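S.K.: Sharing a structure, written as structure tokens. Questions coming.
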Amino acid sequence: MGPAPQRGTQSGLRHGCPMLTTVAPSLGWEGTTPFKRTFMRLLQIVAIIAILPIFATAQQAPPAPAPRFVVVLDAAHGGDDAGGTISTQSGQSGPEKAYTLALSVRLRSLLAARGISVVTTREADTALDAQHRAEIANHAQAQACLSLHASASGSGIHLFLSSLPPAQATRFMPWKTAQAAYIDRSVALAGVLNSALAHAGMKVSLERTAIVSIDSMTCPAIAIEVAPESKPGGDTIGLGDPGYQAKVATAIAAGILQWRAEPRLP
Amino acid sequence: MIPRYQLVLLSLLLAASVAMSAVLWHLRDRAHQRLLAGEVSTPTQAPQVAPVEQATLLVANDEDGSLQARVLSLPLPPSSGERARAVLGKLMDLYAAQDSSHPVPGGAAAIAQVFLLPEGQTPKSSAPHGTAKDQQNAAQLAVVNLTSAFAASHPSGIQAESLTLLSICATLHANLPQVTEVRFLVDGQPRETLAGHADLTRTYLAADLSSVGTTVPAGSVQ
């Protein structure tokens, strides 16, 4: 009982850093002046106090990182590739690349305002090939990848899935068919977006086709093509209508929010 | 004073000229009559290059993104390759019409050639096996060579381009069931996309009905 309380009553300095106390005699502190000895003791205390937080943090279990929800917005075309020609509200025509960039900027603002991390493939009128777009999307490890397009033909919103047959994910996926491992989740994402757009009163069609950029994406990927909106009376709302743009962007953002709430997210 | 012999000679030459003119006029009339006698006055029949048969065309509709079957009577050559080109040419003519549901300029001239190849042909499998009918029914790969003018004038858009390619594939499979795969060239060369969107580098499965565009009611996709 005797030695044990003594050990217990010893300061935590010995327990915290025994090496310093055992090394101290060899440093010849006993032969020094009391002032110097006190100074060295104080220095020892300061050093141990500085080290203690490191031990404390190391002993705590690392907190589980919060799942990061990332959305990739790919504004199609850009640079020399103007895409198709679409008519604006003023009756003039404009390039598809400008419309997709404007929609991407608007959608990015809506999603960022709701706390969603957004990665865009381009922020200006720059040229990007399909491979580079897929590289950006794959590096982002996103939960949703949206390729934004516009067309003067047809009406409403056209959602496109990759036409690749579903396949099991492997460690090394072929670049041209990497999307095959994500087809099931892409179908689920398309269903959520389809519901959100239809809920906003828009005509939606869902099809499967071969598009180089989304075929190489390793994320749930959808190509969204915005076409003029046909009204029952025969009137048509052009792509240049700011109200129509806002309506489309708001509906897509609502769909992404719903997708974020899906329980099957990784 | 003109000598007498010169007057006589001049008169003879003049008389000979008139006589020869009369003979030439007569010969011309005879030749004309002979031509008229050999001409058949009944209307001629247009040359028939091929017997008329029924062909099924899968026509694209931009409004709902669908393919609608339309049966037409066309003169179809007996050769499979020429038959495929004739059917696709008619399909392109429908798209080039003013009231088209899928307006695409170009017409029949958009299809330069259609080649039919045995699917998955290897040196070993190319050896003749089975009967001629078996070989005719074997799966074939169709290579459709489009013109660059058609690709340049095609409307840009995922739906518009996809519908054109899918209608070509579905029309080929409907009229030549042995065609199960389709590849596309433009002016004999591979090309990345048709007009900036639809992938032209891949092989399309003509019999794959899941890739045919259909309008899905809202909320029915899960």
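FYI, nothing fancy with the structure tokens labels: chains A, B, ... in order, residues from 1 per chain, ligands from 1 as they appear.
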Which residues are near A:Val119? Cut-off 8 Å, only C-alpha atoms, ignore same chain within fewer than 4 positions. Put them as a list in words.
M.R.: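 That gives Val70, Val71, Val72, Leu73, Ala137 and Ala140 of chain A.
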S.K.: Determine which residues of stretch 65-110 of chain A DSSP labels as strand (DSSP E or B) from the backbone of this structure, then write them out as a list of chain:residue names.
M.R.: A:Val70, A:Val71, A:Val72, A:Leu73, A:Asp74, A:Ala75, A:Gly78, A:Asp81, A:Thr85, A:Ile86, A:Ser87, A:Ser93, A:Gly94, A:Pro95
S.K.: Would you output that residue set with N, CA and C atoms, as a JSON list (two decimals), in the first residue's frame?
M.R.:
```
[["chain", "number", "residue", "atom", "x", "y", "z"],
["A", 70, "VAL", "N", -22.31, 15.94, -53.90],
["A", 70, "VAL", "CA", -21.74, 16.74, -54.97],
["A", 70, "VAL", "C", -22.56, 16.52, -56.24],
["A", 71, "VAL", "N", -22.83, 17.60, -56.93],
["A", 71, "VAL", "CA", -23.52, 17.54, -58.22],
["A", 71, "VAL", "C", -22.62, 18.15, -59.28],
["A", 72, "VAL", "N", -22.47, 17.45, -60.40],
["A", 72, "VAL", "CA", -21.68, 17.96, -61.52],
["A", 72, "VAL", "C", -22.65, 18.52, -62.57],
["A", 73, "LEU", "N", -22.41, 19.75, -62.97],
["A", 73, "LEU", "CA", -23.20, 20.38, -64.02],
["A", 73, "LEU", "C", -22.32, 20.55, -65.26],
["A", 74, "ASP", "N", -22.71, 19.90, -66.32],
["A", 74, "ASP", "CA", -21.92, 19.94, -67.56],
["A", 74, "ASP", "C", -22.70, 20.73, -68.61],
["A", 75, "ALA", "N", -22.31, 21.98, -68.79],
["A", 75, "ALA", "CA", -22.91, 22.80, -69.84],
["A", 75, "ALA", "C", -22.34, 22.36, -71.18],
["A", 78, "GLY", "N", -19.40, 24.66, -76.29],
["A", 78, "GLY", "CA", -18.50, 25.72, -75.82],
["A", 78, "GLY", "C", -17.34, 25.92, -76.77],
["A", 81, "ASP", "N", -17.22, 24.83, -80.66],
["A", 81, "ASP", "CA", -18.40, 23.98, -80.79],
["A", 81, "ASP", "C", -19.62, 24.74, -80.26],
["A", 85, "THR", "N", -28.58, 25.60, -83.12],
["A", 85, "THR", "CA", -29.07, 26.98, -83.14],
["A", 85, "THR", "C", -30.48, 27.00, -82.57],
["A", 86, "ILE", "N", -30.68, 27.84, -81.58],
["A", 86, "ILE", "CA", -31.99, 27.91, -80.95],
["A", 86, "ILE", "C", -32.51, 29.33, -81.05],
["A", 87, "SER", "N", -33.82, 29.45, -81.06],
["A", 87, "SER", "CA", -34.43, 30.78, -81.19],
["A", 87, "SER", "C", -34.67, 31.36, -79.81],
["A", 93, "SER", "N", -31.89, 34.22, -83.26],
["A", 93, "SER", "CA", -31.37, 32.89, -82.94],
["A", 93, "SER", "C", -30.04, 33.02, -82.23],
["A", 94, "GLY", "N", -29.75, 32.05, -81.39],
["A", 94, "GLY", "CA", -28.50, 32.06, -80.63],
["A", 94, "GLY", "C", -27.93, 30.67, -80.56],
["A", 95, "PRO", "N", -26.67, 30.55, -80.17],
["A", 95, "PRO", "CA", -26.04, 29.22, -80.10],
["A", 95, "PRO", "C", -26.48, 28.46, -78.85]]
```
S.K.: Would you mind reading off the distance between atom CA of A:Glu96 and atom CA of A:Gly201, one decimal, in Å?
M.R.: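 According to the coordinates, atom CA of A:Glu96 and atom CA of A:Gly201 are separated by 23.8 Å.
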S.K.: At what distance in Å, to one decimal, does atom CA of A:Pro174 lie from atom CA of A:Pro220?
M.R.: 16.5 Å
S.K.: Could you pull out the alpha helix (DSSP H) residues of stretch 63-236 of chain A, going by DSSP on the backbone, and write them as a PyMOL selection string?
M.R.: chain A and resi 96-113+130-140+183-199+212-215
S.K.: Using only C-alpha atoms, which protein or nucleic acid residues come within 8 Å of B:Pro190? Drop anything in the same chain fewer than 4 positions from it, and give the result as a PyMOL selection string.
M.R.: chain B and resi 184-186+200-201
S.K.: Between B:Glu161, B:Glu119, B:Asp62, B:Glu82, which one has atoms that come closest to chain A, using only C-alpha atoms?
M.R.: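 Among the listed residues, B:Asp62 lies closest to chain A.
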S.K.: Can you tell me which residues surround stretch 121-125 of chain A at a distance of at most 12 Å, considering only C-alpha atoms, apart from same-chain residues fewer than 2 positions away, and format the answer as a PyMOL selection string?
M.R.: chain A and resi 71-82+95-106+108+118-119+127-140+145-148+213
S.K.: Produce a table with one row for each residue of chain A that has an atom at most 7 Å from any atom of chain B, each row naming the nearest atom pair and its distance in Å at one decimal; use only C-alpha atoms; arrange rows by chain and rising residue number; format as CSV.
M.R.:
```
residue,atom,partner,partner_atom,distance
A:Gly83,CA,B:Gly196,CA,6.4
A:Gly84,CA,B:Ser156,CA,4.7
A:Ser151,CA,B:Gly157,CA,5.2
A:Ser153,CA,B:Asp62,CA,6.8
A:Gly154,CA,B:Asp62,CA,4.9
A:Ser155,CA,B:Glu63,CA,6.3
A:Ser163,CA,B:Ser211,CA,6.5
A:Val187,CA,B:Gln222,CA,6.8
A:Ala188,CA,B:Gln222,CA,5.6
A:Gly191,CA,B:Val221,CA,4.9
A:Asn194,CA,B:Gly219,CA,6.1
A:Ser195,CA,B:Gly219,CA,4.8
A:Ala198,CA,B:Ala218,CA,5.7
A:Val204,CA,B:Ala218,CA,6.7
A:Ser205,CA,B:Thr215,CA,5.1
A:Leu206,CA,B:Val216,CA,5.9
A:Glu207,CA,B:Gly213,CA,5.4
A:Arg208,CA,B:Ser211,CA,5.7
A:Thr209,CA,B:Ser162,CA,6.6
A:Ala210,CA,B:Asp199,CA,5.5
A:Ile211,CA,B:Asp199,CA,5.5
A:Val212,CA,B:Asp199,CA,6.1
```
S.K.: Which residue, B:Leu76, B:Val23, B:Leu67, B:Ala31, has the smallest gap to B:Glu53 when you use only C-alpha atoms?
M.R.: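 The answer is B:Leu76, which sits nearest to B:Glu53.
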